[in-house]
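Structure file run.txt (compact mmCIF, C-alpha atoms) is printed below.
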# COMPACT_ATOMS: atom_id res chain seq x y z
CA MET A 75 13.48 -5.05 19.87
CA ASN A 76 15.71 -3.28 17.35
CA ILE A 77 19.21 -1.92 17.98
CA LYS A 78 18.04 1.64 18.73
CA GLN A 79 15.61 0.32 21.34
CA TYR A 80 18.32 -1.94 22.76
CA LEU A 81 20.77 0.94 23.16
CA LYS A 82 18.09 3.07 24.80
CA GLU A 83 17.17 0.26 27.21
CA LYS A 84 20.77 -0.61 28.18
CA LYS A 85 22.03 2.95 28.65
CA PRO A 86 20.57 3.44 32.17
CA LEU A 87 21.86 -0.01 33.21
CA ILE A 88 25.34 0.89 31.97
CA ASP A 89 25.22 4.27 33.73
CA LYS A 90 24.16 2.54 36.94
CA GLU A 91 27.23 0.31 36.72
CA ILE A 92 29.43 3.35 36.16
CA GLU A 93 28.03 4.94 39.30
CA LYS A 94 28.79 1.78 41.27
CA VAL A 95 32.43 1.98 40.23
CA PHE A 96 32.75 5.77 40.43
CA PRO A 97 30.20 7.47 42.71
CA ARG A 98 28.91 10.98 42.12
CA LYS A 99 30.27 12.02 45.50
CA ILE A 100 33.64 10.72 46.64
CA THR A 101 33.73 9.36 50.18
CA LYS A 102 36.50 8.13 52.43
CA GLU A 103 35.06 4.63 52.12
CA TRP A 104 35.29 4.68 48.32
CA LEU A 105 38.84 6.05 48.43
CA GLU A 106 39.93 3.28 50.79
CA PHE A 107 38.29 0.67 48.58
CA ALA A 108 39.73 2.02 45.31
CA LEU A 109 43.12 3.27 46.53
CA GLY A 110 43.74 1.58 49.85
CA LYS A 111 44.29 3.06 53.29
CA ALA A 112 45.74 6.57 53.32
CA SER A 113 49.28 6.92 54.56
CA PHE A 114 48.18 10.16 56.22
CA ALA A 115 44.66 11.48 55.46
CA TYR A 116 42.28 11.73 52.50
CA ASP A 117 40.53 14.96 51.52
CA ALA A 118 37.41 13.41 50.03
CA GLU A 119 35.71 16.78 49.48
CA THR A 120 38.52 18.14 47.30
CA ILE A 121 38.74 14.92 45.29
CA SER A 122 34.99 14.99 44.81
CA LYS A 123 35.09 18.57 43.50
CA SER A 124 38.10 18.07 41.23
CA MET A 125 37.25 14.61 39.87
CA ALA A 126 33.69 13.42 40.49
CA GLU A 127 31.98 16.73 39.74
CA PRO A 128 33.69 17.42 36.37
CA ILE A 129 33.51 13.80 35.23
CA TRP A 130 29.85 13.36 36.08
CA GLU A 131 28.96 16.75 34.60
CA TYR A 132 30.41 15.41 31.37
CA LEU A 133 28.93 11.89 31.58
CA ASP A 134 25.45 13.25 32.26
CA ARG A 135 25.44 14.99 28.87
CA GLY A 136 24.51 11.75 27.16
CA GLY A 137 26.15 9.50 24.60
CA LYS A 138 24.92 6.32 22.96
CA ARG A 139 26.98 3.88 25.09
CA TRP A 140 27.20 1.61 22.05
CA ARG A 141 30.67 0.28 22.95
CA PRO A 142 29.63 -1.26 26.29
CA ALA A 143 26.43 -2.44 24.59
CA LEU A 144 28.66 -4.19 22.04
CA CYS A 145 30.45 -5.92 24.93
CA LEU A 146 27.13 -7.18 26.33
CA LEU A 147 26.00 -8.45 22.93
CA ALA A 148 29.32 -10.16 22.21
CA CYS A 149 29.12 -11.97 25.55
CA GLU A 150 25.58 -13.18 24.89
CA ALA A 151 26.32 -14.07 21.26
CA VAL A 152 28.92 -16.66 22.34
CA GLY A 153 26.62 -18.21 24.93
CA GLY A 154 27.36 -16.03 27.95
CA ARG A 155 24.98 -13.97 30.05
CA GLU A 156 24.56 -10.23 30.17
CA GLU A 157 25.29 -10.14 33.91
CA GLN A 158 28.77 -11.56 33.25
CA ALA A 159 29.70 -8.54 31.13
CA LEU A 160 27.66 -5.70 32.61
CA PRO A 161 30.01 -4.99 35.58
CA PHE A 162 32.82 -4.32 33.07
CA ALA A 163 30.81 -1.82 31.04
CA PRO A 164 32.38 1.11 32.96
CA LEU A 165 35.87 0.12 31.83
CA ILE A 166 34.80 0.41 28.20
CA GLU A 167 32.74 3.59 28.44
CA LEU A 168 34.99 5.54 30.79
CA VAL A 169 38.14 5.06 28.73
CA HIS A 170 36.25 6.19 25.63
CA GLU A 171 35.03 9.31 27.43
CA GLY A 172 38.57 9.95 28.66
CA THR A 173 39.88 9.97 25.09
CA ILE A 174 37.16 12.44 24.07
CA MET A 175 37.91 14.76 26.99
CA ALA A 176 41.60 14.74 26.07
CA ASP A 177 40.81 15.17 22.37
CA ASP A 178 38.79 18.31 23.15
CA VAL A 179 41.82 19.85 24.87
CA GLN A 180 44.17 18.88 22.04
CA ASP A 181 41.82 20.22 19.36
CA ASP A 182 40.94 23.35 21.36
CA SER A 183 37.27 22.43 20.95
CA LYS A 184 34.69 24.76 22.43
CA LYS A 185 31.62 22.58 22.80
CA ARG A 186 30.84 18.91 23.35
CA ARG A 187 27.28 17.56 23.25
CA GLY A 188 25.86 21.06 23.26
CA LYS A 189 27.77 22.40 26.27
CA PRO A 190 31.18 24.01 26.86
CA CYS A 191 33.99 21.47 26.96
CA THR A 192 35.26 20.32 30.34
CA HIS A 193 38.54 22.22 30.01
CA LEU A 194 36.59 25.46 29.51
CA LEU A 195 34.36 24.83 32.53
CA TYR A 196 37.00 23.55 34.96
CA GLY A 197 40.38 24.39 33.42
CA ILE A 198 42.86 22.51 31.25
CA ASP A 199 44.67 21.15 34.31
CA ILE A 200 41.57 19.45 35.73
CA ALA A 201 40.38 18.24 32.31
CA THR A 202 43.71 16.61 31.45
CA ASN A 203 44.02 15.01 34.87
CA ASP A 204 40.44 13.72 34.79
CA SER A 205 40.84 12.39 31.26
CA ASP A 206 43.83 10.39 32.53
CA ALA A 207 41.83 9.18 35.53
CA LEU A 208 39.08 7.90 33.24
CA TYR A 209 41.57 5.45 31.73
CA PHE A 210 42.01 3.79 35.12
CA ILE A 211 38.78 4.08 37.11
CA GLY A 212 37.13 1.17 35.31
CA LEU A 213 40.07 -1.09 36.19
CA ILE A 214 38.90 -1.20 39.81
CA ALA A 215 36.68 -4.16 38.95
CA LEU A 216 39.82 -6.01 37.82
CA TYR A 217 42.40 -5.16 40.45
CA ARG A 218 39.89 -5.55 43.26
CA ASN A 219 38.58 -8.60 41.38
CA THR A 220 35.02 -7.82 42.39
CA ARG A 221 33.66 -10.49 40.04
CA GLN A 222 36.07 -13.20 41.18
CA LEU A 223 37.62 -13.83 37.77
CA PRO A 224 40.35 -16.46 37.59
CA ALA A 225 43.89 -15.11 37.29
CA GLU A 226 44.33 -16.28 33.70
CA LYS A 227 41.24 -14.40 32.52
CA ARG A 228 42.16 -11.25 34.44
CA ASN A 229 45.67 -11.27 32.99
CA LYS A 230 44.30 -11.70 29.48
CA ILE A 231 42.06 -8.66 29.95
CA TYR A 232 44.89 -6.58 31.46
CA ASP A 233 47.20 -7.41 28.55
CA LEU A 234 44.54 -6.65 25.98
CA TYR A 235 43.64 -3.34 27.62
CA SER A 236 47.27 -2.21 27.85
CA GLU A 237 47.98 -2.97 24.19
CA GLU A 238 44.84 -1.25 22.94
CA LEU A 239 45.43 1.91 24.99
CA LEU A 240 48.92 2.31 23.55
CA ARG A 241 47.40 1.94 20.10
CA VAL A 242 44.82 4.65 20.90
CA CYS A 243 47.60 7.10 21.81
CA THR A 244 49.54 6.15 18.67
CA GLY A 245 46.52 6.78 16.46
CA GLN A 246 45.92 10.15 18.11
CA ALA A 247 49.56 11.09 17.56
CA MET A 248 49.15 10.41 13.83
CA ASP A 249 45.93 12.41 13.61
CA ILE A 250 47.38 15.41 15.48
CA LEU A 251 50.42 15.72 13.21
CA TRP A 252 48.35 15.29 10.07
CA HIS A 253 45.81 17.98 10.87
CA LYS A 254 48.68 20.33 11.61
CA GLY A 255 49.57 19.90 7.94
CA LYS A 256 52.90 18.20 8.70
CA LYS A 257 52.49 15.51 6.04
CA ALA A 258 51.49 16.35 2.50
CA ASP A 259 50.52 12.99 1.04
CA ILE A 260 48.66 10.56 3.29
CA ALA A 261 47.81 7.19 1.79
CA GLU A 262 44.35 5.72 2.28
CA GLN A 263 45.81 2.66 3.97
CA GLU A 264 47.71 4.90 6.42
CA TYR A 265 44.50 6.76 7.19
CA LEU A 266 42.57 3.56 7.81
CA GLN A 267 45.30 2.36 10.17
CA MET A 268 45.09 5.63 12.07
CA VAL A 269 41.32 5.17 12.41
CA VAL A 270 41.79 1.58 13.57
CA TYR A 271 44.08 2.82 16.34
CA LYS A 272 42.26 6.00 17.30
CA THR A 273 38.70 4.66 17.10
CA GLY A 274 38.57 1.01 16.11
CA VAL A 275 40.59 -0.56 18.90
CA LEU A 276 38.25 0.56 21.70
CA ALA A 277 35.35 -1.15 19.94
CA ARG A 278 37.64 -4.13 19.29
CA PHE A 279 38.45 -4.23 22.99
CA ALA A 280 34.74 -4.08 23.88
CA ALA A 281 33.87 -6.99 21.61
CA LYS A 282 36.85 -9.09 22.70
CA LEU A 283 36.16 -8.40 26.37
CA GLY A 284 32.56 -9.56 26.01
CA ALA A 285 33.71 -12.68 24.19
CA ILE A 286 36.34 -13.47 26.84
CA LEU A 287 33.82 -13.01 29.66
CA GLY A 288 31.39 -15.25 27.78
CA ASN A 289 34.01 -18.02 27.50
CA ALA A 290 34.27 -17.84 23.71
CA SER A 291 36.76 -19.84 21.68
CA GLY A 292 39.98 -18.16 20.56
CA GLU A 293 38.67 -18.03 16.99
CA GLN A 294 35.44 -16.35 18.12
CA ILE A 295 37.35 -13.81 20.23
CA GLU A 296 39.52 -12.77 17.29
CA ALA A 297 36.63 -12.62 14.82
CA LEU A 298 34.44 -10.58 17.17
CA GLY A 299 37.39 -8.29 17.82
CA LYS A 300 37.79 -7.70 14.09
CA PHE A 301 34.07 -7.03 13.86
CA GLY A 302 34.31 -4.48 16.68
CA GLU A 303 37.25 -2.83 14.93
CA SER A 304 35.20 -2.56 11.73
CA LEU A 305 32.36 -0.91 13.66
CA GLY A 306 34.80 1.70 14.94
CA ILE A 307 35.95 2.41 11.39
CA GLY A 308 32.36 2.56 10.16
CA PHE A 309 31.31 4.95 12.92
CA GLN A 310 34.32 7.20 12.27
CA ILE A 311 33.82 7.43 8.53
CA GLN A 312 30.11 8.06 8.99
CA ASP A 313 30.95 10.74 11.59
CA ASP A 314 33.25 12.38 9.05
CA ILE A 315 30.48 12.36 6.44
CA LEU A 316 27.85 13.70 8.84
CA GLU A 317 30.25 16.31 10.15
CA LEU A 318 30.76 17.56 6.60
CA THR A 319 27.10 17.55 5.59
CA GLY A 320 25.35 18.18 8.91
CA GLY A 321 24.32 21.80 8.55
CA LYS A 322 25.65 25.24 9.35
CA PHE A 323 29.17 25.50 10.72
CA GLN A 324 29.46 26.43 14.38
CA LYS A 325 33.00 26.24 15.73
CA GLY A 326 33.43 23.56 18.36
CA LYS A 327 29.89 22.21 18.10
CA GLY A 328 30.63 19.22 15.94
CA ARG A 329 28.48 20.66 13.15
CA ALA A 330 29.34 20.84 9.45
CA GLY A 331 32.79 22.25 8.83
CA GLY A 332 34.50 21.43 12.12
CA ASP A 333 36.91 19.01 10.47
CA ILE A 334 37.69 21.62 7.81
CA HIS A 335 38.39 24.18 10.52
CA GLU A 336 40.69 21.73 12.32
CA GLY A 337 42.44 20.80 9.07
CA LYS A 338 41.71 17.12 9.52
CA ARG A 339 42.84 14.73 6.80
CA THR A 340 39.80 12.48 6.68
CA LEU A 341 39.21 9.81 4.06
CA LEU A 342 37.03 12.37 2.27
CA VAL A 343 39.95 14.77 2.04
CA ILE A 344 42.49 12.09 1.12
CA LYS A 345 40.36 10.81 -1.75
CA THR A 346 39.67 14.35 -2.97
CA LEU A 347 43.36 15.21 -3.00
CA GLU A 348 44.01 12.01 -4.92
CA ARG A 349 41.40 12.77 -7.59
CA ALA A 350 41.44 16.57 -7.82
CA ASP A 351 43.11 18.66 -10.50
CA GLU A 352 46.09 20.75 -9.43
CA LYS A 353 44.05 23.92 -8.86
CA ASP A 354 41.45 22.30 -6.60
CA ARG A 355 44.08 20.23 -4.81
CA LYS A 356 46.16 23.28 -4.00
CA ARG A 357 43.12 25.26 -2.87
CA LEU A 358 41.81 22.51 -0.57
CA ILE A 359 45.20 22.16 1.13
CA GLU A 360 45.39 25.94 1.49
CA ILE A 361 41.98 26.05 3.18
CA LEU A 362 42.73 23.13 5.51
CA ASP A 363 46.07 24.58 6.59
CA SER A 364 44.50 27.98 7.34
CA HIS A 365 41.99 26.47 9.84
CA PRO A 366 39.16 28.73 8.64
CA THR A 367 36.11 29.85 10.60
CA ASP A 368 34.50 31.75 7.74
CA GLU A 369 31.47 29.77 6.59
CA LYS A 370 31.96 30.69 2.93
CA ILE A 371 35.54 29.39 2.88
CA ILE A 372 34.49 26.19 4.66
CA GLY A 373 31.67 25.83 2.16
CA GLU A 374 34.18 26.17 -0.66
CA ALA A 375 36.17 23.25 0.74
CA VAL A 376 33.01 21.17 1.11
CA GLU A 377 32.08 21.82 -2.53
CA ILE A 378 35.53 20.72 -3.70
CA ILE A 379 35.15 17.48 -1.74
CA LYS A 380 31.67 16.88 -3.16
CA LYS A 381 32.88 17.63 -6.69
CA TYR A 382 35.15 14.58 -6.74
CA GLY A 383 32.69 12.06 -5.32
CA ALA A 384 34.59 11.62 -2.05
CA ILE A 385 31.45 11.32 0.08
CA GLU A 386 30.11 8.43 -1.98
CA TYR A 387 33.52 6.78 -1.99
CA ALA A 388 33.86 7.02 1.80
CA GLN A 389 30.37 5.63 2.34
CA LYS A 390 31.15 2.66 0.13
CA LYS A 391 34.46 2.03 1.89
CA ALA A 392 32.75 2.00 5.30
CA GLU A 393 30.18 -0.48 4.02
CA GLU A 394 32.88 -2.76 2.58
CA VAL A 395 34.87 -2.84 5.82
CA VAL A 396 31.86 -3.57 8.05
CA GLU A 397 30.29 -6.12 5.71
CA ALA A 398 33.56 -8.05 5.34
CA ALA A 399 33.95 -8.32 9.12
CA TRP A 400 30.32 -9.39 9.57
CA LYS A 401 30.73 -12.22 7.07
CA LYS A 402 33.57 -13.66 9.17
CA ILE A 403 31.54 -13.87 12.37
CA ASP A 404 28.20 -14.78 10.82
CA SER A 405 29.11 -18.46 10.48
CA MET A 406 30.83 -18.63 13.88
CA LEU A 407 27.84 -17.62 15.97
CA ASN A 408 24.65 -19.55 16.59
CA ASP A 409 21.45 -17.75 15.72
CA SER A 410 20.23 -15.69 18.66
CA ASN A 411 18.73 -12.33 19.46
CA ALA A 412 22.21 -11.06 20.40
CA LYS A 413 23.56 -12.06 16.98
CA LYS A 414 20.62 -10.34 15.28
CA LEU A 415 21.31 -7.14 17.21
CA LEU A 416 25.02 -7.29 16.34
CA GLY A 417 24.00 -7.36 12.69
CA GLU A 418 21.75 -4.36 13.23
CA LEU A 419 24.56 -2.53 15.01
CA ALA A 420 26.76 -3.10 11.97
CA ASP A 421 24.12 -1.57 9.73
CA TYR A 422 23.51 1.28 12.17
CA SER A 423 27.19 2.22 12.29
CA ILE A 424 27.29 3.13 8.60
CA LYS A 425 23.74 4.32 7.94
CA ARG A 426 22.77 6.38 10.97
CA GLY A 427 21.87 10.01 10.56
CA ILE A 428 23.12 11.28 13.93

Can you dump the structure from the file as C-alpha cells?
Amino acid sequence: MNIKQYLKEKKPLIDKEIEKVFPRKITKEWLEFALGKASFAYDAETISKSMAEPIWEYLDRGGKRWRPALCLLACEAVGGREEQALPFAPLIELVHEGTIMADDVQDDSKKRRGKPCTHLLYGIDIATNDSDALYFIGLIALYRNTRQLPAEKRNKIYDLYSEELLRVCTGQAMDILWHKGKKADIAEQEYLQMVVYKTGVLARFAAKLGAILGNASGEQIEALGKFGESLGIGFQIQDDILELTGGKFQKGKGRAGGDIHEGKRTLLVIKTLERADEKDRKRLIEILDSHPTDEKIIGEAVEIIKKYGAIEYAQKKAEEVVEAAWKKIDSMLNDSNAKKLLGELADYSIKRGI
C-alpha cells in the first residue's frame, strides 16, 4: 500500500470518528453529553440547523485528511496501535477545517472545494461561529475522557493544543497584514515562521499527538513534531506553487492567480522581490496591492515571478526543509510499514500535483 492508497483507505474511518464526536443531527442526548444538563431547555433543532448542517455540508465536500492520517502513522511508528489514535482524529481534522472556514471569511473567498464558501451559503455570522466551534468539538474526547487517558497524558495534550492554537492565530495575523500590503520588505525567515505558525503547527500537533498516544520517548515526540511541522511547510509551499501554475484564474476557486488577487506575500513573491530589478519589483508590488481580477494583469505578475526563478527556488526550499526533518527521525524509528508511509508522505507533500 502506498501513501495515496493509505489516505484513501483511512478517510472513511476518520470521517466515521468525526460523526461519533459530532453527529449530523444534534439531539438532546448529544447536547447533554457534550455540554451537560441544560439549566432550562435545549433547542436541539435550532442547534442542528445552525451548527450541524453547515459544518457537515462543508465536511462532506472532501479533503485529504492527511493530518489525522499523520497522527495514526506517528502512533504506529513508535510502537502504538492505530486504535489508540483514531478516536482523536476528529480533534485534528476539525480544528484544521475551522481555520479554513475562518480564512475564507477573512479573505472574502467565494468558493471552497468547488462550492460556495460557508459564509456565502449560511451567512458570515454562522460561518464565524461554526469555525470557532470546530476548534472545540474535538476536545470532547478529552474533557469527557472517553478513552480513559491518565491525567498526565490528558494535561500534556491540552497544553500542547492550547499553545499550537495560539500560534495558528499569530501566523494568520501576520499573513493578513502582509497581504494587505502593510509591510514592504518581508524576510524569507519571517515568511517561513509565519508558515510554521499558520500551517506547520497543526501538522506538528498531529504528529506529536500520535507519538504521545503511542507512548513515545520525549526525543521521539519532539523529532516527529518537527517532521510534522516540515510537512506543513512543504504542503504550503507546494500549494503556493500549484496555485500559481494551476491553470486559468477563477476568483475564489483556488485556481491560478488567487494568491496574486489576494496580494499574498508567498515565498515565490518574496524571492522575486529580492532578485528583481527596480522596474519589475515596483510593478509586482503594484499588481499585488491592487488585488487584480483581470487575467492579463495576473498573468503579468506570474511571468515576473517565473522570470526570476522563484518557482524553482521555492521547490528546492520545500525539499530541503522536509528532507532535513526526515533525516532526524529516520534513525529514531524502527523499520515498519508506518515508517515507510511517513517517508512517502514526506515525498508526497512536496511533489504532489493536486

Residue nearest A:Ala126 among A:Lys370, A:Lys401, A:Lys353, A:Arg98 (counting only C-alpha atoms):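 Closest candidate: A:Arg98.
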
For A:Leu194, list every protein, DNA or RNA residue within 12 Å, evaluated using all atoms listed in the file, and leave out those in the same chain fewer than 3 positions away; present the list as a list in words.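 Near neighbours after the sequence-gap exclusion: Pro128, Tyr132, Met175, Asp178, Val179, Asp182, Ser183, Lys184, Lys185, Arg186, Lys189, Pro190, Cys191, Gly197, Ile198, Asp199, Ile200, Ala201, Thr202 and Gly326 of chain A.
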
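With distances restricted to only C-alpha atoms, A:Glu150 is the closest residue to A:Gly284 from A:Asp233, A:Glu127, A:Glu150, A:Glu103.
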
Please return as a PyMOL selection string every residue within 10 Å of (42.2, -7.4, 28.8), taking into account only C-alpha atoms and the file's own coordinates. chain A and resi 213+216+227-238+279-280+282-283+286

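Minimum distance to A:Asn219 across A:Tyr116, A:Phe107, A:Tyr196, A:Tyr382 (counting all atoms listed in the file) occurs at A:Phe107.
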
Would you mind telling me which residue in A:Ile260, A:Cys145, A:Met248, A:Leu318 lies nearest to A:Ile385 when using only C-alpha atoms?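 For A:Ile385, the nearest of the candidates is A:Leu318.
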
Residues within 7 Å of A:Val270, all atoms listed in the file, excluding chain neighbours under 4 positions, as a VMD selection string: chain A and resid 266 274 to 275 303 307

Looking at A:Val169, A:Leu223, A:Asp206, A:Glu394, which one is nearest to A:Gly288, with distances taken over only C-alpha atoms?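 For A:Gly288, the nearest of the given residues is A:Leu223.
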
Close residues, A:Ser423 itself excluded, 8 Å, all atoms listed in the file, min 6 positions apart in chain, as number ranges by chain: A: 305, 308-309, 312

Kindly save the residues from that selection, with C-alpha atoms included, as a PDB file, in the frame of the given file.
ATOM      1  CA  LEU A 305      32.360  -0.910  13.660  1.00  0.00           C
ATOM      2  CA  GLY A 308      32.360   2.560  10.160  1.00  0.00           C
ATOM      3  CA  PHE A 309      31.310   4.950  12.920  1.00  0.00           C
ATOM      4  CA  GLN A 312      30.110   8.060   8.990  1.00  0.00           C
TER       5      GLN A 312
END
